[in-house]
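The structure appears below as structure tokens.
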Amino acid sequence: MTFKNANQRTVGNAFVIYGKLLSYVRRYWLAIVIAGCASMIYSCVDAWFVYFLKPLLNDGLIAKNKDFLFYAPFLVMSVFILRGIASFFSNFYMAKASRGVIMYLRQDLFAHLQQLPARFYDHNTSGHILSVLLYAVDQVSNASADVLTTAIQAIFLMIGLIIVMLTTSWKLTLLYFIILPLVMLTMRFTSVRIRRLSLKIQDSIAELSHLAEENIEGYKVVRAFEGTFFERTKFNRAAHTNQQREMKVVITRSLGVSAVQLMTAGAMALTLYIATLDVAEAILSPGGFVTMIGAMLTLLKPMKDLAFVQNKLYRGLAGAQSVFELLEEKPEIDQGKQTIMKACGKIQFCQVNFAYDEKSVLNNIDLTILPGKIVALVGRSGSGKSTLVNLLPRFYGGYSGTIQLDDVPIEDYRLADLRRQFALVSQQITLFHDTIFNNMAYGRLDQVTEAEVLAAAKASYAMEFIERLPNGLQTLIGENGVLLSGGQRQRLAIARAIIKDAPILILDEATSALDTESERYIQMALQKLMKNRTTLVIAHRLSTIEHADLIVVMDEGRIIETGQHQDLLAKGDFYAKLYRMQFKEDGFTDMKSPDILPELTLQQPAHL
């Protein structure tokens, strides 16, 4: 479930990874064919020009052939115009294919992330996920456009130059083949090391992303607790680690390229020595000698390019490996076939057990919730309240027992249909860097009308502050609604739930940590939202759930008490002790409900 770090990951098979990449690349086969042909022409022109040195020297400069000298400039100009056109088509179409592959990879990754279970996000930081989505995918371009373009041009240039050398002197050309095994071994060694180092670089980039994102989101806490030096030290240490790993790649690549060039230069020096003897014996003409030397010198560039290419290739393959590892994460199980438009709201838990990372969280849960009733879940932190409600929309699977909605196991419903039955309002509100209108209509932007949004804004008492904003419903609210107060964000969340119009409402600490005025607005809005809906309320403040139809008391993953407020107080067990302790902390000694803020308690809906 969790991404492995570079020390735990093995270097994947290059052919397998390329096979997966091929499924994306083949969408652009025509562009790649055009780019490949253009690269061939580009390289052939360069090889031809080296070969052209022989007649240029022999026929032009030595023999003084006037016809040849007249046509030679036009020939050279025409050939290099062709070379420029080929270079443009090669670069353009290869880049088109490469960026297209990256676009589809990012789209598939993002779509896959929408289907991964909650456990995946629990075990992986957003920084690590973003590093794959942005950095690793971008590295794939190194294994596509740059590599293919450079490789095709280098290989065909080498083939062309070798043909030129063979036609000039095949004996001298054979000397170059002696160094090929050494060159291949050197390139193989450096490529494997670079792939391993590239995996570590990706981990360091992920760590940098995580630290930066954490610091940006928590800047108030960092500064309030004087943690700037500590955060800066952590980030500098991670940046230094990344720099060290990058330098190791540079050193490995530079040593590999230098070794290849040194071996090639050694072969060229030996060839030059023998070629000099051949000239002395008149075996090579002056033009042939210049052509041979020109071909040897020109061969150094494609040899160097190939050394760079294989380094970029394996760095790109390391990125592709991370991408496909994420794409292979198992999505949420959605094998349900039954559809449901709008549930009545009857919920049943029967002998439900659930463990998280082998730690038991829920034990033998039996609970029936009737349609339209208000059920409050109370208990100490870690008692399993949030886990219980998170099982309903199937955010988590792997539980034993049965959970039913309207007498049908929730696994039998299609996942999208099941989740359509729930609306959530919690203390931790998630809003988007968008307009108020789009945040309230989120998920129904293509269906909802402005009149419906206005009605929801009024019902949630959000119009009270929206009307004072410069652009009304079209006001941008900043990242996660940072430009709004806590109470205003809560009212937008309630408006979003009203627009969704789901038959089951989950309130997770929806009114905690709010000031008195904000809580009054929120409570009035919630009373409207709860009408004709099955409502599950998770609450720590027991004063807010006194009028619930059923109070479920949980402790250590078990239901230990159920009943209404007065009945549970009369029993004098866990709930009564918890209630007494809360009001003692708040300064109340009377066991009866305090006569303050009566409008904040959850009143029974009118239909009950």
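Order determines the names: the first chain of the structure tokens is A, the second B, and so forth; residues in each chain are numbered 1 upward, and ligands are numbered 1 upward as they are shown.
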
| request: Just the residues within 8 Å of Gly319 of chain A, please, counting only C-alpha atoms, with nothing from its chain fewer than 5 positions along; format it as a list of chain:residue names. | output: A:Val132, A:Tyr135, A:Ala136, A:Val137, A:Asp138, A:Gln139, A:Val140, A:Ser198, A:Leu199, A:Gln202

Resulting file, chosen residues, N, CA, C and O atoms, as a PDB file, in the first residue's frame:
```
ATOM      1  N   VAL A 132       5.384  11.799  -7.949  1.00  0.00           N
ATOM      2  CA  VAL A 132       5.180  10.842  -9.051  1.00  0.00           C
ATOM      3  C   VAL A 132       4.380  11.500 -10.167  1.00  0.00           C
ATOM      4  O   VAL A 132       4.722  11.389 -11.348  1.00  0.00           O
ATOM      5  N   TYR A 135       7.012  15.018 -11.137  1.00  0.00           N
ATOM      6  CA  TYR A 135       8.435  14.808 -11.434  1.00  0.00           C
ATOM      7  C   TYR A 135       8.676  13.495 -12.182  1.00  0.00           C
ATOM      8  O   TYR A 135       9.324  13.484 -13.232  1.00  0.00           O
ATOM      9  N   ALA A 136       8.162  12.385 -11.650  1.00  0.00           N
ATOM     10  CA  ALA A 136       8.448  11.081 -12.264  1.00  0.00           C
ATOM     11  C   ALA A 136       7.882  10.996 -13.675  1.00  0.00           C
ATOM     12  O   ALA A 136       8.537  10.466 -14.580  1.00  0.00           O
ATOM     13  N   VAL A 137       6.672  11.522 -13.867  1.00  0.00           N
ATOM     14  CA  VAL A 137       6.084  11.496 -15.210  1.00  0.00           C
ATOM     15  C   VAL A 137       6.920  12.324 -16.175  1.00  0.00           C
ATOM     16  O   VAL A 137       7.134  11.937 -17.323  1.00  0.00           O
ATOM     17  N   ASP A 138       7.401  13.463 -15.699  1.00  0.00           N
ATOM     18  CA  ASP A 138       8.229  14.297 -16.570  1.00  0.00           C
ATOM     19  C   ASP A 138       9.532  13.595 -16.940  1.00  0.00           C
ATOM     20  O   ASP A 138      10.061  13.791 -18.032  1.00  0.00           O
ATOM     21  N   GLN A 139      10.042  12.763 -16.028  1.00  0.00           N
ATOM     22  CA  GLN A 139      11.258  12.018 -16.336  1.00  0.00           C
ATOM     23  C   GLN A 139      11.043  11.008 -17.460  1.00  0.00           C
ATOM     24  O   GLN A 139      11.977  10.611 -18.138  1.00  0.00           O
ATOM     25  N   VAL A 140       9.784  10.590 -17.626  1.00  0.00           N
ATOM     26  CA  VAL A 140       9.483   9.643 -18.702  1.00  0.00           C
ATOM     27  C   VAL A 140       9.813  10.238 -20.059  1.00  0.00           C
ATOM     28  O   VAL A 140      10.151   9.521 -21.003  1.00  0.00           O
ATOM     29  N   SER A 198      18.721   7.121  -9.713  1.00  0.00           N
ATOM     30  CA  SER A 198      17.538   7.893 -10.100  1.00  0.00           C
ATOM     31  C   SER A 198      16.352   7.578  -9.204  1.00  0.00           C
ATOM     32  O   SER A 198      15.532   8.453  -8.906  1.00  0.00           O
ATOM     33  N   LEU A 199      16.229   6.322  -8.773  1.00  0.00           N
ATOM     34  CA  LEU A 199      15.165   5.972  -7.839  1.00  0.00           C
ATOM     35  C   LEU A 199      15.345   6.725  -6.525  1.00  0.00           C
ATOM     36  O   LEU A 199      14.380   7.196  -5.915  1.00  0.00           O
ATOM     37  N   GLN A 202      14.305  10.332  -6.941  1.00  0.00           N
ATOM     38  CA  GLN A 202      12.855  10.493  -6.878  1.00  0.00           C
ATOM     39  C   GLN A 202      12.370  10.522  -5.437  1.00  0.00           C
ATOM     40  O   GLN A 202      11.479  11.294  -5.082  1.00  0.00           O
TER      41      GLN A 202
END
```

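Taking only C-alpha atoms, the non-local environment of Gly288 of chain A within 12 Å (same-chain residues fewer than 6 positions away omitted) comprises Val50, Tyr51, Phe52, Leu53, Lys54, Pro55, Leu56, Leu57, Asn58, Asp59, Val164, Met165, Leu166, Thr167, Thr168, Ser169, Trp170, Leu172, Ala275, Thr276, Asp278, Val279, Ala282, Gly294 and Ala295 of chain A.
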
Test item: residues at most 8 Å from segment 406-420 of chain A, only C-alpha atoms, excluding those fewer than 3 positions along its chain, as a PDB file with N, CA and C atoms, in the first residue's frame:
```pdb
ATOM      1  N   ASP A 334     -15.317  -2.361  -6.509  1.00  0.00           N
ATOM      2  CA  ASP A 334     -16.659  -1.905  -6.894  1.00  0.00           C
ATOM      3  C   ASP A 334     -17.292  -2.972  -7.772  1.00  0.00           C
ATOM      4  N   GLN A 335     -17.790  -4.017  -7.117  1.00  0.00           N
ATOM      5  CA  GLN A 335     -18.410  -5.120  -7.846  1.00  0.00           C
ATOM      6  C   GLN A 335     -19.916  -5.145  -7.676  1.00  0.00           C
ATOM      7  N   GLY A 336     -20.450  -4.104  -7.049  1.00  0.00           N
ATOM      8  CA  GLY A 336     -21.897  -4.042  -6.852  1.00  0.00           C
ATOM      9  C   GLY A 336     -22.639  -3.856  -8.161  1.00  0.00           C
ATOM     10  N   LYS A 337     -23.799  -4.453  -8.251  1.00  0.00           N
ATOM     11  CA  LYS A 337     -24.619  -4.374  -9.468  1.00  0.00           C
ATOM     12  C   LYS A 337     -25.920  -3.619  -9.244  1.00  0.00           C
ATOM     13  N   GLN A 338     -26.333  -3.525  -7.993  1.00  0.00           N
ATOM     14  CA  GLN A 338     -27.643  -2.941  -7.709  1.00  0.00           C
ATOM     15  C   GLN A 338     -27.563  -1.419  -7.704  1.00  0.00           C
ATOM     16  N   THR A 339     -28.549  -0.822  -8.343  1.00  0.00           N
ATOM     17  CA  THR A 339     -28.621   0.638  -8.393  1.00  0.00           C
ATOM     18  C   THR A 339     -29.633   1.127  -7.364  1.00  0.00           C
ATOM     19  N   ILE A 340     -29.474   2.361  -6.973  1.00  0.00           N
ATOM     20  CA  ILE A 340     -30.406   2.979  -6.024  1.00  0.00           C
ATOM     21  C   ILE A 340     -30.405   4.480  -6.285  1.00  0.00           C
ATOM     22  N   MET A 341     -31.586   5.034  -6.452  1.00  0.00           N
ATOM     23  CA  MET A 341     -31.691   6.467  -6.715  1.00  0.00           C
ATOM     24  C   MET A 341     -31.684   7.267  -5.417  1.00  0.00           C
ATOM     25  N   ALA A 343     -32.281   6.455  -1.184  1.00  0.00           N
ATOM     26  CA  ALA A 343     -32.565   5.482  -0.138  1.00  0.00           C
ATOM     27  C   ALA A 343     -33.606   6.012   0.840  1.00  0.00           C
ATOM     28  N   CYS A 344     -34.284   5.079   1.510  1.00  0.00           N
ATOM     29  CA  CYS A 344     -35.191   5.476   2.595  1.00  0.00           C
ATOM     30  C   CYS A 344     -34.392   5.906   3.815  1.00  0.00           C
ATOM     31  N   GLY A 345     -33.225   5.258   4.024  1.00  0.00           N
ATOM     32  CA  GLY A 345     -32.347   5.683   5.107  1.00  0.00           C
ATOM     33  C   GLY A 345     -32.240   4.709   6.258  1.00  0.00           C
ATOM     34  N   LYS A 346     -32.708   3.487   6.095  1.00  0.00           N
ATOM     35  CA  LYS A 346     -32.574   2.484   7.149  1.00  0.00           C
ATOM     36  C   LYS A 346     -31.166   1.879   7.088  1.00  0.00           C
ATOM     37  N   ILE A 347     -30.470   1.875   8.220  1.00  0.00           N
ATOM     38  CA  ILE A 347     -29.087   1.381   8.278  1.00  0.00           C
ATOM     39  C   ILE A 347     -29.000   0.299   9.347  1.00  0.00           C
ATOM     40  N   GLN A 348     -28.312  -0.800   9.015  1.00  0.00           N
ATOM     41  CA  GLN A 348     -28.142  -1.893   9.967  1.00  0.00           C
ATOM     42  C   GLN A 348     -26.687  -2.364   9.983  1.00  0.00           C
ATOM     43  N   LEU A 392     -19.757   3.220   6.148  1.00  0.00           N
ATOM     44  CA  LEU A 392     -21.020   3.311   5.416  1.00  0.00           C
ATOM     45  C   LEU A 392     -20.837   3.661   3.938  1.00  0.00           C
ATOM     46  N   PRO A 393     -20.068   4.710   3.590  1.00  0.00           N
ATOM     47  CA  PRO A 393     -19.832   4.993   2.161  1.00  0.00           C
ATOM     48  C   PRO A 393     -18.723   4.130   1.568  1.00  0.00           C
ATOM     49  N   ARG A 394     -18.278   3.126   2.329  1.00  0.00           N
ATOM     50  CA  ARG A 394     -17.224   2.194   1.897  1.00  0.00           C
ATOM     51  C   ARG A 394     -15.903   2.911   1.625  1.00  0.00           C
ATOM     52  N   THR A 402     -21.983  -7.710   8.488  1.00  0.00           N
ATOM     53  CA  THR A 402     -22.852  -7.176   7.438  1.00  0.00           C
ATOM     54  C   THR A 402     -23.267  -5.746   7.763  1.00  0.00           C
ATOM     55  N   ILE A 403     -23.183  -4.884   6.755  1.00  0.00           N
ATOM     56  CA  ILE A 403     -23.718  -3.523   6.845  1.00  0.00           C
ATOM     57  C   ILE A 403     -24.761  -3.388   5.738  1.00  0.00           C
ATOM     58  N   ALA A 423     -24.404  12.717   2.657  1.00  0.00           N
ATOM     59  CA  ALA A 423     -23.837  14.062   2.671  1.00  0.00           C
ATOM     60  C   ALA A 423     -23.076  14.212   3.980  1.00  0.00           C
ATOM     61  N   ALA A 502     -28.979  14.551  -0.119  1.00  0.00           N
ATOM     62  CA  ALA A 502     -28.828  13.122   0.144  1.00  0.00           C
ATOM     63  C   ALA A 502     -29.755  12.700   1.279  1.00  0.00           C
TER      64      ALA A 502
END
```

| message | Could you check the closest approach to Arg496 of chain A for each of A:His433, A:Arg223, A:Lys458, A:His123 and tell me which residue wins, using only C-alpha atoms? | response | A:Lys458

| request: Find the spatial neighbours of Thr475 of chain A, counting only C-alpha atoms, within a cut-off of 7 Å - ignore same-chain residues fewer than 4 positions away - and output them as an MDAnalysis selection string. | output: chainID A and resid 435:436 469:471

Closest atom pairs, residues of segment 295-407 of chain A within 10 Å of segment 560-580 of chain A, only C-alpha atoms, as JSON lines:
```
{"residue": "A:Ile365", "atom": "CA", "partner": "A:Ile560", "partner_atom": "CA", "distance": 9.9}
{"residue": "A:Leu367", "atom": "CA", "partner": "A:Thr562", "partner_atom": "CA", "distance": 9.3}
{"residue": "A:Val375", "atom": "CA", "partner": "A:Gln564", "partner_atom": "CA", "distance": 9.6}
{"residue": "A:Ala376", "atom": "CA", "partner": "A:Gln564", "partner_atom": "CA", "distance": 9.6}
{"residue": "A:Leu377", "atom": "CA", "partner": "A:Thr562", "partner_atom": "CA", "distance": 9.5}
{"residue": "A:Val378", "atom": "CA", "partner": "A:Tyr575", "partner_atom": "CA", "distance": 8.4}
{"residue": "A:Gly379", "atom": "CA", "partner": "A:Tyr575", "partner_atom": "CA", "distance": 8.1}
{"residue": "A:Arg380", "atom": "CA", "partner": "A:Leu578", "partner_atom": "CA", "distance": 8.9}
```

Would you save the residues from that selection as an mmCIF file, in the first residue's frame, using N, CA, C and O atoms?
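What ended up in result24.cif:
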```
data_model
loop_
_atom_site.group_PDB
_atom_site.id
_atom_site.type_symbol
_atom_site.label_atom_id
_atom_site.label_comp_id
_atom_site.auth_asym_id
_atom_site.auth_seq_id
_atom_site.Cartn_x
_atom_site.Cartn_y
_atom_site.Cartn_z
ATOM 1 N N ILE A 365 -20.138 -4.991 16.353
ATOM 2 C CA ILE A 365 -21.082 -3.862 16.313
ATOM 3 C C ILE A 365 -22.429 -4.344 15.796
ATOM 4 O O ILE A 365 -22.551 -4.852 14.678
ATOM 5 N N LEU A 367 -26.205 -2.633 15.398
ATOM 6 C CA LEU A 367 -26.906 -1.359 15.516
ATOM 7 C C LEU A 367 -27.901 -1.222 14.373
ATOM 8 O O LEU A 367 -27.581 -1.520 13.218
ATOM 9 N N VAL A 375 -29.371 9.903 15.227
ATOM 10 C CA VAL A 375 -28.587 8.995 16.061
ATOM 11 C C VAL A 375 -27.251 9.665 16.359
ATOM 12 O O VAL A 375 -26.535 10.077 15.443
ATOM 13 N N ALA A 376 -26.933 9.779 17.634
ATOM 14 C CA ALA A 376 -25.679 10.404 18.052
ATOM 15 C C ALA A 376 -24.688 9.330 18.485
ATOM 16 O O ALA A 376 -25.052 8.395 19.212
ATOM 17 N N LEU A 377 -23.456 9.467 18.036
ATOM 18 C CA LEU A 377 -22.377 8.567 18.433
ATOM 19 C C LEU A 377 -21.450 9.343 19.358
ATOM 20 O O LEU A 377 -20.892 10.371 18.973
ATOM 21 N N VAL A 378 -21.295 8.859 20.576
ATOM 22 C CA VAL A 378 -20.455 9.560 21.544
ATOM 23 C C VAL A 378 -19.460 8.573 22.138
ATOM 24 O O VAL A 378 -19.642 7.359 22.075
ATOM 25 N N GLY A 379 -18.429 9.134 22.722
ATOM 26 C CA GLY A 379 -17.394 8.308 23.333
ATOM 27 C C GLY A 379 -16.067 9.038 23.311
ATOM 28 O O GLY A 379 -15.915 10.090 22.678
ATOM 29 N N ARG A 380 -15.096 8.457 23.988
ATOM 30 C CA ARG A 380 -13.782 9.073 24.024
ATOM 31 C C ARG A 380 -13.113 9.012 22.660
ATOM 32 O O ARG A 380 -13.496 8.217 21.796
#
```
